There are 2 protein chains.
Amino acid sequence: MKVTMSDIEAARRTIAGHVLHTPMLPAPKLSALTGASVLVKYENLQVTNSFKERGALNKLSSLSASDRARGVIAMSAGNHAQALAYHAARLGIPATIVMPVTTPFVKVAATQAHGADVLLDGETLNEAQARAEAIALERGLSLVHPYDDALVIAGQGTIALEMLQEAPDLEMLIIPVGGGGLIAGNAVAARSVAPRIEIIGAEAALYPSVWNALHGENRPCGGPTLAEGIAVKNVGALTFPIVSALVAEIVLVDEVHLERAVNAYLTLQKTMAEGAGAAGLAAMLAKPERFRGRKVGLILCGGNIDPRVLASVMVRELKREDRIVSFRLTIPDRPGVLGQIATRLGELGTNILEVDHRRLFLDVPAKGAKLDVTVETRDRVHAEAVLRALEADGLQLARIEMATAME
Amino acid sequence: MKVTMSDIEAARRTIAGHVLHTPMLPAPKLSALTGASVLVKYENLQVTNSFKERGALNKLSSLSASDRARGVIAMSAGNHAQALAYHAARLGIPATIVMPVTTPFVKVAATQAHGADVLLDGETLNEAQARAEAIALERGLSLVHPYDDALVIAGQGTIALEMLQEAPDLEMLIIPVGGGGLIAGNAVAARSVAPRIEIIGAEAALYPSVWNALHGENRPCGGPTLAEGIAVKNVGALTFPIVSALVAEIVLVDEVHLERAVNAYLTLQKTMAEGAGAAGLAAMLAKPERFRGRKVGLILCGGNIDPRVLASVMVRELKREDRIVSFRLTIPDRPGVLGQIATRLGELGTNILEVDHRRLFLDVPAKGAKLDVTVETRDRVHAEAVLRALEADGLQLARIEMATAME
């Protein structure tokens with residue numbers, strides 16, 4: 001293996017004092033939810049809100065004075081870009097970040113705010129990567145790969161050292177898997193300190209590249225995922241042999257479990273996880289029997305999620321719990337009916353969120369109308385009672401279900 | 001004063017190991033936002049997600065064996081209820097919580113989940129309080145007041161001890177003020193350890209009870225506030241003399257600053273603050289010149305906010321930043337116009353969220369229609385450019401502004 005425990009010990013000394021030693025805390029409500037004893041490592045509290053600073057800083061610190069003067073370059077539309085830009089600026093090293101032209105403006109601005117020169121080039125990540133490599137050669141810049149670099153991997157591995165120092169009796173670490181830098185570094189560190197600890201990878205089901213490589217399968221990679229931070233189609237040349245040797249199991253997590261994990265971090269643990277950051281918890285929700293009764297460390301590796309996406313995840317979870325319910329009533333189209341129904345919904349203890357009163361549908365009688373109603377309820381039992389009460393009133397009613405795919 | 005440094009030192013020893021020693025961390029993005037050097041104490045990471053556990057546990061620990069056997073009672077619809085229920089259950093002490101009949105079901109359930117007997121009684125907090133006092137007398141239960149109790153105040157004061165041990169050079173603490181238990185305990189502790197430190201109170205402008213008492217004013221108290229945890233109409237008999245002696249200034253925070261502070265904690269600091277929990281940061285946003293350049297400690301005292309309210313706060317902030325923009329177009333009512341406009345909005349780089357096409361308004365020409373459109377934009381500059389481009393296309397356009405009051 002190309003990364004050893006002494007590399008990680010060295011990384012720890014290099015980054016000490018310049019990267020936050022993040023808190024690790026027991027998460028009693030997540031423990032109750034999963035039946036395990038859960039500790040959370042809050043890497044989302046780093047300045048740029050992800051663990052990527054550890055690897056980026058370890059790499060930057062290794063550069064010679066002349067390399068530093070020429071500068072660094074990386075391809076990234078996400079957390080690696082911000083981490084590298086922040087620490088490069090701190091060290092006075094010019095940084096160029098290549099992002100695909102489709103990168104949201106917010107991410108471009110966040111990276112520019114740390115002083116980096118952002119170049120929008122390439123339709124895809126692969127095209128942007130090729131462009132970054134070409135510029136690196138042309139201008140003599142040092143390329144900082146987001147995961148397939150021994151110094152980057154060693155930097156990420158410092159997380160497990162901190163965790164096992166504070167809780168030497170952890171039985172498992174569940175670690176998100178994209179390119180594999182985070183899990184490779186931490187697998188080396190954790191298995192060195194605690195040889196019997198189990199390392200579990202959490203990979204997005206839409207991007208099962210490491211799963212495929214380990215199992216000799218060829219499942220498709222692609223599609224919109226909440227966990228764009230681990231949506232990686234390629235397996236790392238340095239990371240894969242480590243994963244293959246030290247990781248006990250890869251758990252594939254689907255979009256619904258990712259959403260629920262983001263929501264659970266927020267509502268139970270009061271902290272903001274991006275999709276990739278919540279992948280470890282999503283694995284616990286997907287395979288609870290695998291973790292029940294065990295002492296589990298979760299690396300909450302990033303917190304950069306768009307507020308609009310987060311708001312939508314929260315509302316969708318309320319719908320899943322029937323705390324927001326939509327239904328369609330077919331009603332006689334005469335004065336006073338809307339008022340009667342609204343009054344009745346209030347008596348039943350609901351709070352009306354939306355009403356859409358339609359007369360023009362072709363499938364209603366000439367003297368009828370349709371009323372689409374969305375209400376807040378206390379919980380699933382209350383929602384069920386409300387719908388039964390309306391039916392008992394003689395109203396013709398149909399639930400409107402939420403789409404199960406991502407909207 | 002009825003609470004001394006030695007009471008707080010004693011409380012610290014009593015609660016050690018049973019209440020989380022929460023992390024305090026530098027908040028670089030909040031520092032950039034405010035121009036101060038900001039440290040945040042994460043009391044929202046307690047098991048019941050607020051500081052209230054400190055005072056409740058200190059009080060419970062003081063009870064005699066026979067008092068414990070009879071049990072405790074409190075009136076609270078919020079964090080005090082959950083904190084007391086949790087620690088009473090842990091210690092095997094029966095707990096009764098009286099809540100007003102209007103208390104949301106979620107809060108009732110959360111308190112019952114910790115094993116407390118919840119009694120819904122009284123239309124208002126004052127009626128529920130009277131009922132709790134009556135039951136305490138009748139059944140010989142120990143009443144645990146949420147703030148006007150020396151042991152509760154001493155328990156809360158342990159926060160500042162932890163903060164000043166880790167950062168002895170803090171120049172100011174900004175502390176939310178409701179009944180005054182949190183600020184009184186921490187003012188005694190902080191001024192004992194660091195006599196020159198400034199203690200600033202952050203009180204909801206809708207509930208200026210301490211402000212009124214300090215300034216001899218009679219501003220009205222009432223109305224719906226995001227910071228219901230500090231919406232207190234009465235001044236504490238024990239807390240007020242301490243506040244009066246040791247607090248440098250009370251800053252009143254209005255609803256917009258509370259909303260922005262909750263949003264800033266979430267989007268910049270990746271942590272969930274309830275309205276009252278964000279009041280300290282809201283004070284910094286309301287009076288930035290008072291804090292600029294200073295080293296400021298914020299007590300993020302609670303994280304219990306309804307997910308629906310939080311989602312609404314986030315979306316409202318996006319509207320305030322013009323990242324979500326609504327406008328009304330008056331258009332000729334002929335085939336193809338809607339398609340043309342939708343295509344144009346895409347070309348301009350916006351994402352359409354809502355369209356409402358209306359023909360029935362009385363104020364449109366017989367052959368006209370109105371189109372209400374809500375789009376996502378990249379930022380304020382982009383939003384402005386989009387609106388100008390539509391006007392340059394010859395469309396008649398009016399912005400639809402967000403209501404400034406709470407919706």
# chains A, B, ... in the order shown; residues from 1 in each chain; ligands from 1
>>> interface_residues(of="chain A", to="chain B", cutoff="10 Å", atoms="only C-alpha atoms", output="ChimeraX atom specification")
/A:20-29,44-49,104-106,263,265-274,302-308,310-315,317-318,324,376-379
>>> select_by_dssp(residues="segment 15-166 of chain B", states="helix (DSSP H, G or I)", output="number ranges by chain")
B: 15, 28-34, 43-45, 52-62, 65-70, 79-91, 105-113, 125-139, 150-156, 158-166
>>> closest_residue(among="A:Leu371, A:Leu345, A:Ile8, A:Ala227", to="Asp333 of chain A", atoms="only C-alpha atoms")
A:Leu371
>>> closest_residue(among="A:Ile97, A:Cys301, A:Ala205, A:Leu395", to="Arg54 of chain A", atoms="only C-alpha atoms")
A:Cys301
>>> residues_around(residues="Tyr147 of chain A", least_positions_apart="6", cutoff="12 Å", atoms="only C-alpha atoms", output="number ranges by chain")
A: 51-56, 59, 74-76, 79-80, 153-157, 177-185, 230, 232, 234-240
>>> residues_around(residues="Lys370 of chain A", least_positions_apart="5", cutoff="7 Å", atoms="only C-alpha atoms", output="PyMOL selection string")
chain A and resi 328-331+357-359
>>> residues_around(residues="Ala116 of chain B", least_positions_apart="3", cutoff="9 Å", atoms="only C-alpha atoms", output="NGL selection string")
:B and (81-82 or 84-86 or 88-89 or 94-97 or 111-113)
>>> write_last_selection(atoms="C-alpha atoms", output="PDB file, in the first residue's frame")
ATOM      1  CA  ALA B  81     -40.021  20.677  30.034  1.00  0.00           C
ATOM      2  CA  GLN B  82     -37.842  18.344  27.973  1.00  0.00           C
ATOM      3  CA  LEU B  84     -36.483  18.367  33.329  1.00  0.00           C
ATOM      4  CA  ALA B  85     -38.298  15.287  32.020  1.00  0.00           C
ATOM      5  CA  TYR B  86     -35.074  13.805  30.665  1.00  0.00           C
ATOM      6  CA  ALA B  88     -35.823  13.319  36.180  1.00  0.00           C
ATOM      7  CA  ALA B  89     -36.270  10.050  34.274  1.00  0.00           C
ATOM      8  CA  PRO B  94     -41.414  11.130  38.752  1.00  0.00           C
ATOM      9  CA  ALA B  95     -42.015  14.331  36.737  1.00  0.00           C
ATOM     10  CA  THR B  96     -45.260  16.110  35.922  1.00  0.00           C
ATOM     11  CA  ILE B  97     -45.242  18.856  33.304  1.00  0.00           C
ATOM     12  CA  THR B 111     -41.817  15.558  26.641  1.00  0.00           C
ATOM     13  CA  GLN B 112     -43.839  12.357  27.072  1.00  0.00           C
ATOM     14  CA  ALA B 113     -41.090  10.486  25.220  1.00  0.00           C
TER      15      ALA B 113
END
>>> residues_around(residues="Gly293 of chain A", least_positions_apart="6", cutoff="10 Å", atoms="only C-alpha atoms", output="VMD selection string")
chain A and resid 31 34 to 38
>>> atom_distance(atom1="atom CA of Leu173 of chain A", atom2="atom CA of Lys287 of chain A")
14.6 Å
>>> atom_distance(atom1="atom CA of Glu198 of chain A", atom2="atom CA of Glu43 of chain A")
20.5 Å
>>> residues_around(residues="segment 216-225 of chain A", least_positions_apart="6", cutoff="9 Å", atoms="only C-alpha atoms", output="JSON list (two decimals) with N, CA and C atoms, in the first residue's frame")
[["chain", "number", "residue", "atom", "x", "y", "z"],
["A", 204, "ALA", "N", -23.09, 5.89, -2.85],
["A", 204, "ALA", "CA", -24.39, 6.19, -3.45],
["A", 204, "ALA", "C", -24.78, 5.09, -4.43],
["A", 205, "ALA", "N", -26.00, 4.57, -4.30],
["A", 205, "ALA", "CA", -26.46, 3.48, -5.17],
["A", 205, "ALA", "C", -26.44, 3.88, -6.65],
["A", 206, "LEU", "N", -26.58, 5.18, -6.92],
["A", 206, "LEU", "CA", -26.54, 5.64, -8.31],
["A", 206, "LEU", "C", -25.12, 5.66, -8.87],
["A", 207, "TYR", "N", -24.11, 5.64, -8.01],
["A", 207, "TYR", "CA", -22.70, 5.67, -8.44],
["A", 207, "TYR", "C", -21.90, 4.56, -7.77],
["A", 208, "PRO", "N", -22.21, 3.27, -8.10],
["A", 208, "PRO", "CA", -21.58, 2.16, -7.38],
["A", 208, "PRO", "C", -20.24, 1.75, -7.99],
["A", 209, "SER", "N", -19.32, 2.71, -8.14],
["A", 209, "SER", "CA", -18.09, 2.38, -8.86],
["A", 209, "SER", "C", -17.19, 1.47, -8.03],
["A", 231, "ALA", "N", -20.50, 11.35, -6.02],
["A", 231, "ALA", "CA", -20.95, 10.84, -7.32],
["A", 231, "ALA", "C", -19.75, 10.74, -8.25],
["A", 232, "VAL", "N", -18.98, 9.67, -8.07],
["A", 232, "VAL", "CA", -17.73, 9.50, -8.82],
["A", 232, "VAL", "C", -17.83, 8.21, -9.63],
["A", 233, "LYS", "N", -17.48, 8.31, -10.91],
["A", 233, "LYS", "CA", -17.62, 7.14, -11.80],
["A", 233, "LYS", "C", -16.35, 6.29, -11.85],
["A", 254, "ASP", "N", -29.59, 4.41, -1.25],
["A", 254, "ASP", "CA", -30.42, 5.02, -2.29],
["A", 254, "ASP", "C", -30.84, 6.43, -1.88],
["A", 255, "GLU", "N", -31.53, 7.10, -2.78],
["A", 255, "GLU", "CA", -31.84, 8.52, -2.57],
["A", 255, "GLU", "C", -32.76, 8.75, -1.38],
["A", 258, "LEU", "N", -30.70, 8.61, 1.73],
["A", 258, "LEU", "CA", -29.87, 9.83, 1.82],
["A", 258, "LEU", "C", -30.71, 11.01, 2.31],
["A", 275, "GLY", "N", -25.68, 15.71, 1.27],
["A", 275, "GLY", "CA", -26.03, 14.31, 0.99],
["A", 275, "GLY", "C", -24.87, 13.36, 1.25],
["A", 406, "MET", "N", -36.92, 11.49, -6.95],
["A", 406, "MET", "CA", -36.54, 12.87, -6.64],
["A", 406, "MET", "C", -37.35, 13.81, -7.53]]
>>> select_by_dssp(residues="segment 51-261 of chain A", states="strand (DSSP E or B)", output="PyMOL selection string")
chain A and resi 72-75+95-99+117-120+142-143+172-177+198-204+249-253
>>> write_last_selection(atoms="C-alpha atoms", output="mmCIF file, in the first residue's frame")
data_model
loop_
_atom_site.group_PDB
_atom_site.id
_atom_site.type_symbol
_atom_site.label_atom_id
_atom_site.label_comp_id
_atom_site.auth_asym_id
_atom_site.auth_seq_id
_atom_site.Cartn_x
_atom_site.Cartn_y
_atom_site.Cartn_z
ATOM 1 C CA VAL A 72 -1.382 24.856 -7.763
ATOM 2 C CA ILE A 73 -4.298 23.745 -9.897
ATOM 3 C CA ALA A 74 -7.205 21.389 -9.301
ATOM 4 C CA MET A 75 -10.392 20.283 -10.947
ATOM 5 C CA ALA A 95 -4.513 28.582 -6.897
ATOM 6 C CA THR A 96 -6.387 27.892 -10.129
ATOM 7 C CA ILE A 97 -9.571 25.824 -10.003
ATOM 8 C CA VAL A 98 -11.097 24.377 -13.161
ATOM 9 C CA MET A 99 -14.854 23.797 -12.949
ATOM 10 C CA ASP A 117 -8.764 31.948 -9.983
ATOM 11 C CA VAL A 118 -11.762 29.988 -11.298
ATOM 12 C CA LEU A 119 -11.716 28.760 -14.880
ATOM 13 C CA LEU A 120 -15.013 27.473 -16.300
ATOM 14 C CA SER A 142 1.261 21.404 -9.238
ATOM 15 C CA LEU A 143 -1.906 19.400 -9.755
ATOM 16 C CA MET A 172 -17.017 0.307 13.446
ATOM 17 C CA LEU A 173 -16.444 3.379 11.336
ATOM 18 C CA ILE A 174 -18.905 4.099 8.530
ATOM 19 C CA ILE A 175 -17.277 6.287 5.909
ATOM 20 C CA PRO A 176 -18.695 7.830 2.715
ATOM 21 C CA VAL A 177 -17.080 6.568 -0.498
ATOM 22 C CA GLU A 198 -14.646 -2.788 11.031
ATOM 23 C CA ILE A 199 -14.521 -0.216 8.237
ATOM 24 C CA ILE A 200 -17.778 0.111 6.299
ATOM 25 C CA GLY A 201 -18.079 2.194 3.163
ATOM 26 C CA ALA A 202 -21.272 4.061 2.260
ATOM 27 C CA GLU A 203 -21.548 4.577 -1.481
ATOM 28 C CA ALA A 204 -24.389 6.194 -3.451
ATOM 29 C CA GLU A 249 -18.229 -4.020 3.301
ATOM 30 C CA ILE A 250 -19.659 -1.402 0.964
ATOM 31 C CA VAL A 251 -23.294 -0.471 1.654
ATOM 32 C CA LEU A 252 -25.122 1.112 -1.275
ATOM 33 C CA VAL A 253 -27.469 3.901 -0.198
#
>>> closest_residue(among="A:His257, A:Arg292, A:His114, A:Arg191", to="Ile93 of chain A", atoms="only C-alpha atoms")
A:His114
>>> atom_distance(atom1="atom CA of Gly17 of chain A", atom2="atom CA of Leu164 of chain A")
19.0 Å
